[in-house]
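One file, data.cif, is given below (mmCIF, C-alpha atoms, pLDDT in the B column; chains and numbers go by the auth columns).
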data_run
#
loop_
_atom_site.group_PDB
_atom_site.id
_atom_site.type_symbol
_atom_site.label_atom_id
_atom_site.label_comp_id
_atom_site.label_asym_id
_atom_site.label_seq_id
_atom_site.Cartn_x
_atom_site.Cartn_y
_atom_site.Cartn_z
_atom_site.B_iso_or_equiv
_atom_site.auth_seq_id
_atom_site.auth_asym_id
ATOM 1 C CA MET A 1 -8.997 20.840 -10.798 42.00 1 A
ATOM 2 C CA VAL A 2 -6.087 22.102 -8.685 45.00 2 A
ATOM 3 C CA GLU A 3 -2.750 22.063 -10.466 49.00 3 A
ATOM 4 C CA GLY A 4 0.969 22.111 -9.682 47.00 4 A
ATOM 5 C CA LYS A 5 2.086 23.233 -6.249 48.00 5 A
ATOM 6 C CA SER A 6 -1.510 23.611 -5.083 56.00 6 A
ATOM 7 C CA LYS A 7 -2.002 19.876 -5.592 55.00 7 A
ATOM 8 C CA SER A 8 0.961 19.162 -3.369 59.00 8 A
ATOM 9 C CA LYS A 9 -0.466 21.461 -0.698 68.00 9 A
ATOM 10 C CA VAL A 10 -3.744 19.505 -0.718 65.00 10 A
ATOM 11 C CA GLY A 11 -1.895 16.270 0.030 75.00 11 A
ATOM 12 C CA LYS A 12 0.268 17.858 2.739 76.00 12 A
ATOM 13 C CA SER A 13 -2.758 19.486 4.369 87.00 13 A
ATOM 14 C CA LEU A 14 -4.568 16.155 4.640 91.00 14 A
ATOM 15 C CA PHE A 15 -1.587 14.470 6.251 91.00 15 A
ATOM 16 C CA ARG A 16 -1.206 17.233 8.855 89.00 16 A
ATOM 17 C CA GLN A 17 -4.517 16.137 10.330 92.00 17 A
ATOM 18 C CA PRO A 18 -4.843 13.527 13.112 91.00 18 A
ATOM 19 C CA CYS A 19 -4.298 9.919 12.098 92.00 19 A
ATOM 20 C CA ASP A 20 -5.639 7.473 14.664 92.00 20 A
ATOM 21 C CA PHE A 21 -5.539 3.710 14.959 93.00 21 A
ATOM 22 C CA VAL A 22 -9.064 2.307 14.603 94.00 22 A
ATOM 23 C CA ARG A 23 -8.660 -1.448 14.931 93.00 23 A
ATOM 24 C CA GLY A 24 -6.802 -4.526 13.787 92.00 24 A
ATOM 25 C CA ALA A 25 -8.939 -7.058 11.955 92.00 25 A
ATOM 26 C CA SER A 26 -7.957 -10.731 11.894 87.00 26 A
ATOM 27 C CA SER A 27 -11.093 -11.817 10.020 88.00 27 A
ATOM 28 C CA VAL A 28 -13.547 -10.350 7.526 88.00 28 A
ATOM 29 C CA SER A 29 -16.227 -10.233 10.231 91.00 29 A
ATOM 30 C CA SER A 30 -14.050 -7.910 12.351 93.00 30 A
ATOM 31 C CA LEU A 31 -13.437 -5.325 9.618 94.00 31 A
ATOM 32 C CA PRO A 32 -14.599 -1.780 10.519 95.00 32 A
ATOM 33 C CA PRO A 33 -17.739 -0.304 8.917 94.00 33 A
ATOM 34 C CA THR A 34 -17.398 1.038 5.381 95.00 34 A
ATOM 35 C CA ALA A 35 -18.142 4.627 6.389 94.00 35 A
ATOM 36 C CA TYR A 36 -15.119 6.266 4.715 96.00 36 A
ATOM 37 C CA PRO A 37 -13.232 6.027 1.441 97.00 37 A
ATOM 38 C CA GLU A 38 -10.408 3.543 1.939 97.00 38 A
ATOM 39 C CA VAL A 39 -6.960 2.878 0.474 98.00 39 A
ATOM 40 C CA ALA A 40 -4.832 -0.147 1.283 96.00 40 A
ATOM 41 C CA PHE A 41 -1.095 -0.783 1.381 96.00 41 A
ATOM 42 C CA CYS A 42 -0.223 -4.283 0.275 94.00 42 A
ATOM 43 C CA GLY A 43 2.949 -6.165 -0.590 94.00 43 A
ATOM 44 C CA ARG A 44 5.302 -9.018 0.186 92.00 44 A
ATOM 45 C CA SER A 45 6.591 -9.481 3.726 86.00 45 A
ATOM 46 C CA ASN A 46 9.229 -6.902 4.714 87.00 46 A
ATOM 47 C CA VAL A 47 8.618 -4.730 1.630 93.00 47 A
ATOM 48 C CA GLY A 48 8.313 -1.619 3.819 90.00 48 A
ATOM 49 C CA LYS A 49 4.570 -1.025 4.226 90.00 49 A
ATOM 50 C CA SER A 50 4.700 0.072 7.861 86.00 50 A
ATOM 51 C CA SER A 51 7.756 2.260 7.273 90.00 51 A
ATOM 52 C CA LEU A 52 5.963 3.942 4.382 94.00 52 A
ATOM 53 C CA LEU A 53 2.882 4.642 6.508 93.00 53 A
ATOM 54 C CA ASN A 54 5.040 6.124 9.267 91.00 54 A
ATOM 55 C CA SER A 55 6.853 8.344 6.758 93.00 55 A
ATOM 56 C CA LEU A 56 3.628 9.479 5.084 94.00 56 A
ATOM 57 C CA THR A 57 2.052 10.486 8.380 90.00 57 A
ATOM 58 C CA LYS A 58 5.327 11.731 9.928 87.00 58 A
ATOM 59 C CA ARG A 59 4.783 9.521 12.938 83.00 59 A
ATOM 60 C CA LYS A 60 7.576 7.276 14.139 73.00 60 A
ATOM 61 C CA SER A 61 5.380 4.484 15.436 65.00 61 A
ATOM 62 C CA LEU A 62 1.949 4.788 13.822 73.00 62 A
ATOM 63 C CA ALA A 63 2.494 1.393 12.227 59.00 63 A
ATOM 64 C CA ARG A 64 4.705 -1.226 13.815 51.00 64 A
ATOM 65 C CA THR A 65 7.941 -1.893 11.928 44.00 65 A
ATOM 66 C CA SER A 66 10.262 -4.869 12.212 39.00 66 A
ATOM 67 C CA LYS A 67 13.132 -6.517 10.373 42.00 67 A
ATOM 68 C CA THR A 68 11.308 -9.807 10.882 42.00 68 A
ATOM 69 C CA PRO A 69 9.034 -10.699 7.933 43.00 69 A
ATOM 70 C CA GLY A 70 5.429 -11.342 8.905 45.00 70 A
ATOM 71 C CA CYS A 71 5.333 -8.743 11.683 48.00 71 A
ATOM 72 C CA THR A 72 1.926 -7.366 10.638 54.00 72 A
ATOM 73 C CA ARG A 73 -0.595 -10.154 11.263 71.00 73 A
ATOM 74 C CA GLU A 74 -3.877 -8.268 10.940 85.00 74 A
ATOM 75 C CA VAL A 75 -5.337 -5.670 8.610 90.00 75 A
ATOM 76 C CA ASN A 76 -4.645 -2.540 10.667 92.00 76 A
ATOM 77 C CA PHE A 77 -6.903 0.455 10.043 95.00 77 A
ATOM 78 C CA PHE A 78 -6.026 4.120 10.617 95.00 78 A
ATOM 79 C CA LEU A 79 -8.475 7.011 10.182 96.00 79 A
ATOM 80 C CA LEU A 80 -6.827 10.079 8.672 95.00 80 A
ATOM 81 C CA GLY A 81 -8.421 13.463 9.320 92.00 81 A
ATOM 82 C CA GLU A 82 -11.912 11.988 9.722 92.00 82 A
ATOM 83 C CA SER A 83 -11.750 11.771 5.912 94.00 83 A
ATOM 84 C CA ILE A 84 -10.168 8.540 4.690 97.00 84 A
ATOM 85 C CA MET A 85 -9.206 5.138 6.082 97.00 85 A
ATOM 86 C CA LEU A 86 -5.695 3.756 5.578 96.00 86 A
ATOM 87 C CA ALA A 87 -5.315 -0.029 5.746 95.00 87 A
ATOM 88 C CA ASP A 88 -1.995 -1.731 6.473 93.00 88 A
ATOM 89 C CA VAL A 89 -2.407 -5.250 5.063 90.00 89 A
ATOM 90 C CA PRO A 90 -0.334 -8.250 6.301 84.00 90 A
ATOM 91 C CA GLY A 91 2.617 -9.049 4.079 84.00 91 A
ATOM 92 C CA TYR A 92 2.202 -12.091 1.893 82.00 92 A
ATOM 93 C CA GLY A 93 4.943 -14.604 1.187 71.00 93 A
ATOM 94 C CA TYR A 94 7.551 -15.578 3.739 58.00 94 A
ATOM 95 C CA ALA A 95 6.811 -15.238 7.444 54.00 95 A
ATOM 96 C CA LYS A 96 8.229 -16.891 10.561 55.00 96 A
ATOM 97 C CA ALA A 97 5.035 -18.677 11.486 55.00 97 A
ATOM 98 C CA GLY A 98 3.336 -21.999 10.981 56.00 98 A
ATOM 99 C CA LYS A 99 1.980 -22.957 7.580 62.00 99 A
ATOM 100 C CA LYS A 100 -1.628 -22.913 8.783 65.00 100 A
ATOM 101 C CA GLU A 101 -1.244 -19.423 10.262 62.00 101 A
ATOM 102 C CA VAL A 102 0.377 -18.060 7.070 60.00 102 A
ATOM 103 C CA GLU A 103 -2.413 -19.580 4.965 68.00 103 A
ATOM 104 C CA GLY A 104 -4.923 -17.840 7.238 67.00 104 A
ATOM 105 C CA TRP A 105 -3.251 -14.444 6.707 65.00 105 A
ATOM 106 C CA ASN A 106 -3.115 -14.956 2.956 73.00 106 A
ATOM 107 C CA GLN A 107 -6.817 -15.839 2.860 81.00 107 A
ATOM 108 C CA LEU A 108 -7.628 -12.741 4.909 83.00 108 A
ATOM 109 C CA ILE A 109 -5.665 -10.601 2.452 84.00 109 A
ATOM 110 C CA ARG A 110 -7.578 -12.010 -0.510 86.00 110 A
ATOM 111 C CA ASP A 111 -10.993 -11.778 1.149 89.00 111 A
ATOM 112 C CA TYR A 112 -10.359 -8.177 2.201 90.00 112 A
ATOM 113 C CA LEU A 113 -8.943 -6.971 -1.126 89.00 113 A
ATOM 114 C CA ARG A 114 -11.680 -8.382 -3.322 86.00 114 A
ATOM 115 C CA GLY A 115 -14.670 -7.806 -1.057 86.00 115 A
ATOM 116 C CA ARG A 116 -14.333 -4.274 0.320 92.00 116 A
ATOM 117 C CA PRO A 117 -16.858 -2.005 -1.445 94.00 117 A
ATOM 118 C CA ASN A 118 -15.294 1.286 -0.274 96.00 118 A
ATOM 119 C CA LEU A 119 -11.740 0.333 -1.293 97.00 119 A
ATOM 120 C CA TYR A 120 -10.766 2.988 -3.832 97.00 120 A
ATOM 121 C CA ARG A 121 -7.147 2.047 -4.465 98.00 121 A
ATOM 122 C CA VAL A 122 -4.629 -0.591 -3.458 97.00 122 A
ATOM 123 C CA PHE A 123 -1.065 0.650 -3.305 98.00 123 A
ATOM 124 C CA LEU A 124 0.963 -2.434 -4.190 98.00 124 A
ATOM 125 C CA LEU A 125 4.450 -2.040 -2.769 98.00 125 A
ATOM 126 C CA ILE A 126 7.351 -3.579 -4.673 98.00 126 A
ATOM 127 C CA ASP A 127 10.894 -3.679 -3.273 97.00 127 A
ATOM 128 C CA SER A 128 12.934 -1.950 -5.985 97.00 128 A
ATOM 129 C CA ARG A 129 15.886 -4.231 -5.269 96.00 129 A
ATOM 130 C CA HIS A 130 13.945 -7.393 -6.118 95.00 130 A
ATOM 131 C CA GLY A 131 11.281 -6.341 -8.620 96.00 131 A
ATOM 132 C CA VAL A 132 7.920 -7.997 -9.277 97.00 132 A
ATOM 133 C CA LYS A 133 7.747 -11.573 -8.003 95.00 133 A
ATOM 134 C CA PRO A 134 5.251 -14.364 -8.858 93.00 134 A
ATOM 135 C CA ASN A 135 3.209 -13.798 -5.688 90.00 135 A
ATOM 136 C CA ASP A 136 2.937 -10.100 -6.621 94.00 136 A
ATOM 137 C CA VAL A 137 1.581 -11.096 -10.036 95.00 137 A
ATOM 138 C CA GLU A 138 -0.903 -13.417 -8.317 91.00 138 A
ATOM 139 C CA ILE A 139 -2.269 -10.513 -6.266 92.00 139 A
ATOM 140 C CA MET A 140 -2.331 -8.280 -9.358 95.00 140 A
ATOM 141 C CA SER A 141 -4.365 -10.857 -11.288 94.00 141 A
ATOM 142 C CA MET A 142 -6.811 -11.195 -8.393 92.00 142 A
ATOM 143 C CA LEU A 143 -7.275 -7.403 -8.282 94.00 143 A
ATOM 144 C CA ASP A 144 -7.799 -7.354 -12.062 95.00 144 A
ATOM 145 C CA GLU A 145 -10.500 -10.014 -11.776 93.00 145 A
ATOM 146 C CA SER A 146 -12.159 -8.093 -8.935 92.00 146 A
ATOM 147 C CA ALA A 147 -11.896 -4.761 -10.825 94.00 147 A
ATOM 148 C CA VAL A 148 -10.053 -3.157 -7.893 95.00 148 A
ATOM 149 C CA SER A 149 -7.786 -0.295 -8.962 97.00 149 A
ATOM 150 C CA TYR A 150 -4.174 -0.691 -7.839 97.00 150 A
ATOM 151 C CA GLN A 151 -0.979 1.290 -8.243 98.00 151 A
ATOM 152 C CA ILE A 152 2.611 0.147 -7.866 98.00 152 A
ATOM 153 C CA VAL A 153 4.811 1.896 -5.317 98.00 153 A
ATOM 154 C CA LEU A 154 8.498 1.113 -5.564 98.00 154 A
ATOM 155 C CA THR A 155 10.146 1.104 -2.135 97.00 155 A
ATOM 156 C CA LYS A 156 13.765 1.428 -0.937 97.00 156 A
ATOM 157 C CA ILE A 157 14.871 3.239 -4.091 97.00 157 A
ATOM 158 C CA ASP A 158 17.816 4.665 -2.138 96.00 158 A
ATOM 159 C CA LYS A 159 19.256 1.138 -2.286 96.00 159 A
ATOM 160 C CA GLN A 160 18.929 0.799 -6.065 96.00 160 A
ATOM 161 C CA THR A 161 20.859 2.334 -8.963 96.00 161 A
ATOM 162 C CA ALA A 162 19.202 4.792 -11.341 96.00 162 A
ATOM 163 C CA SER A 163 19.764 2.505 -14.342 97.00 163 A
ATOM 164 C CA ASN A 164 18.228 -0.504 -12.601 97.00 164 A
ATOM 165 C CA LEU A 165 15.259 1.609 -11.516 97.00 165 A
ATOM 166 C CA GLU A 166 14.622 2.692 -15.097 97.00 166 A
ATOM 167 C CA ARG A 167 14.826 -0.903 -16.263 97.00 167 A
ATOM 168 C CA LEU A 168 12.367 -2.006 -13.586 97.00 168 A
ATOM 169 C CA LYS A 169 9.920 0.785 -14.473 97.00 169 A
ATOM 170 C CA GLU A 170 10.055 -0.273 -18.122 97.00 170 A
ATOM 171 C CA GLU A 171 9.285 -3.877 -17.151 96.00 171 A
ATOM 172 C CA ILE A 172 6.322 -2.753 -15.047 97.00 172 A
ATOM 173 C CA ALA A 173 5.040 -0.426 -17.783 96.00 173 A
ATOM 174 C CA GLU A 174 4.929 -3.395 -20.161 95.00 174 A
ATOM 175 C CA MET A 175 2.664 -5.215 -17.695 95.00 175 A
ATOM 176 C CA ASN A 176 -0.149 -2.684 -18.159 92.00 176 A
ATOM 177 C CA VAL A 177 -1.391 -4.540 -21.237 93.00 177 A
ATOM 178 C CA LYS A 178 -2.054 -7.718 -19.242 95.00 178 A
ATOM 179 C CA HIS A 179 -3.332 -6.007 -16.101 97.00 179 A
ATOM 180 C CA PRO A 180 -6.349 -3.766 -16.808 96.00 180 A
ATOM 181 C CA ALA A 181 -6.810 -2.567 -13.204 97.00 181 A
ATOM 182 C CA LEU A 182 -3.172 -1.423 -12.905 98.00 182 A
ATOM 183 C CA HIS A 183 -2.793 2.367 -12.699 97.00 183 A
ATOM 184 C CA PRO A 184 -0.147 3.482 -15.222 96.00 184 A
ATOM 185 C CA GLU A 185 1.735 5.877 -12.915 97.00 185 A
ATOM 186 C CA ILE A 186 4.545 4.244 -10.914 98.00 186 A
ATOM 187 C CA LEU A 187 5.362 5.890 -7.587 98.00 187 A
ATOM 188 C CA GLN A 188 8.959 5.769 -6.336 98.00 188 A
ATOM 189 C CA THR A 189 9.725 6.076 -2.640 98.00 189 A
ATOM 190 C CA SER A 190 12.328 5.826 0.068 96.00 190 A
ATOM 191 C CA SER A 191 11.192 5.920 3.695 94.00 191 A
ATOM 192 C CA LYS A 192 14.799 6.497 4.705 92.00 192 A
ATOM 193 C CA ASP A 193 15.035 9.951 3.101 93.00 193 A
ATOM 194 C CA ASN A 194 11.303 10.612 2.470 93.00 194 A
ATOM 195 C CA THR A 195 11.666 10.547 -1.305 95.00 195 A
ATOM 196 C CA GLY A 196 8.327 10.377 -3.127 96.00 196 A
ATOM 197 C CA MET A 197 6.132 10.874 -0.061 95.00 197 A
ATOM 198 C CA ASP A 198 4.416 13.994 -1.421 93.00 198 A
ATOM 199 C CA GLU A 199 3.430 12.091 -4.564 95.00 199 A
ATOM 200 C CA VAL A 200 1.886 9.267 -2.528 96.00 200 A
ATOM 201 C CA ARG A 201 0.104 11.775 -0.267 95.00 201 A
ATOM 202 C CA LEU A 202 -1.334 13.484 -3.340 94.00 202 A
ATOM 203 C CA ALA A 203 -2.559 10.181 -4.789 96.00 203 A
ATOM 204 C CA ILE A 204 -4.312 9.366 -1.507 96.00 204 A
ATOM 205 C CA SER A 205 -5.844 12.836 -1.123 94.00 205 A
ATOM 206 C CA SER A 206 -7.542 12.496 -4.525 94.00 206 A
ATOM 207 C CA PHE A 207 -9.998 10.016 -2.955 95.00 207 A
ATOM 208 C CA VAL A 208 -11.151 12.324 -0.179 92.00 208 A
ATOM 209 C CA LYS A 209 -14.715 13.462 -0.831 81.00 209 A
#
Spit out the file's structure as structure tokens when you get a sec.
Amino acid sequence: MVEGKSKSKVGKSLFRQPCDFVRGASSVSSLPPTAYPEVAFCGRSNVGKSSLLNSLTKRKSLARTSKTPGCTREVNFFLLGESIMLADVPGYGYAKAGKKEVEGWNQLIRDYLRGRPNLYRVFLLIDSRHGVKPNDVEIMSMLDESAVSYQIVLTKIDKQTASNLERLKEEIAEMNVKHPALHPEILQTSSKDNTGMDEVRLAISSFVK
């Protein structure tokens, strides 16, 4: 096993490779083939999924960003280095759309997360300013029941105090007992200043065969 700085180099090397949009899937039947290991980025609307993907890949517009919740309306797939698929999942919760359309997105999220055989890890993004909300816990419980490994990524930590961050991490750590599929390591990020990106890159690179 590679240790220390060499680990970081592995993650950086992977993310220097081409990252290309594959397709957007609005239904389970339109999902791409399961030919590669896959990781997904999931979270409430406007939590910062697309911004995180852009920061990780150092591309300004790989994933579409917006201040309007509900901007991502499909599961968008990106192939990184012909090695691993990255999935940008629609935000759950509030969105400026009709109730029927929102229900359709939420069902797509659930069907994708619990039925994808090559899904190695779900990175569950939590806005550090707001903490874990009931709809986050609902997704966590569904992933537990489906035995899908997931890891919490705190976003926008530049907008939170150090003491509040520590308190939030303690609250999340206590949740491990009730959530067997939850990875114990909490990742902390800021897309604004690129904090924590190397750690997320390293976590993703560990699934490359």
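Of note, atom CA of Glu199 of chain A and atom CA of Ala25 of chain A are spaced 28.2 Å apart.
With all atoms listed in the file as the atoms that count, the residue of A:Asn176, A:Ser206, A:Ser191, A:Ser146 with the shortest distance to Lys60 of chain A is A:Ser191.
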Open item on the list: When you count all atoms listed in the file, which of these residues is closest to Ser83 of chain A: A:Val148, A:Ile139, A:Leu53, A:Val39?
Closed with: A:Val39
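With distances taken over all atoms listed in the file, A:Lys156 is the one residue among A:Arg73, A:Arg116, A:Arg110, A:Lys156 lying closest to Arg129 of chain A.
Using all atoms listed in the file, the nearest neighbour of Pro184 of chain A within the list A:Ser141, A:Ser149, A:Thr155, A:Thr57 is A:Ser149.
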- [ ] Scan for residues within 12 Å of the point (-12.6, -6.3, 1.5) in the coordinates of the file, using all atoms listed in the file, and reply as an MDAnalysis selection string.
- [x] chainID A and resid 25 27:34 38:40 75 87 89 107:122 143 146 148
- [ ] Identify all residues satisfying the PyMOL selection byres ((chain A and resi 62) around 12) in the given file; provide them as a PyMOL selection string.
- [x] chain A and resi 18-22+49-61+63-65+76-80+86-88
Open item on the list: the PyMOL selection byres ((chain A and resi 203) around 12) - which residues does that actually catch in the file I just gave you? List them as a PyMOL selection string.
Closed with: chain A and resi 7-8+10-12+14-15+39+56+120-123+150-153+183+185-187+196-202+204-208
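Within a radius of 10 Å around (12.2, -4.2, -1.5), the polymer residues are Gly43, Arg44, Ser45, Asn46, Val47, Gly48, Leu125, Ile126, Asp127, Ser128, Arg129, His130, Gly131, Val132, Leu154, Thr155, Lys156, Ile157, Lys159 and Gln160 of chain A, counting only C-alpha atoms.
Using all atoms listed in the file for every distance, the candidate list A:Glu166, A:Val177, A:Asp158, A:Leu182 yields A:Leu182 as the residue closest to Met142 of chain A.
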Box in all listed atoms of segment 110-119 of chain A, axis-aligned, with 3 Å more on each side; write out centre and edge lengths in Å to one decimal as AutoDock Vina command-line options.
--center_x -12.2 --center_y -5.4 --center_z -0.6 --size_x 15.3 --size_y 19.3 --size_z 11.5
Task: Å distance separating atom CA of Met140 of chain A from atom CA of Gly81 of chain A, one decimal place - done: 29.3 Å
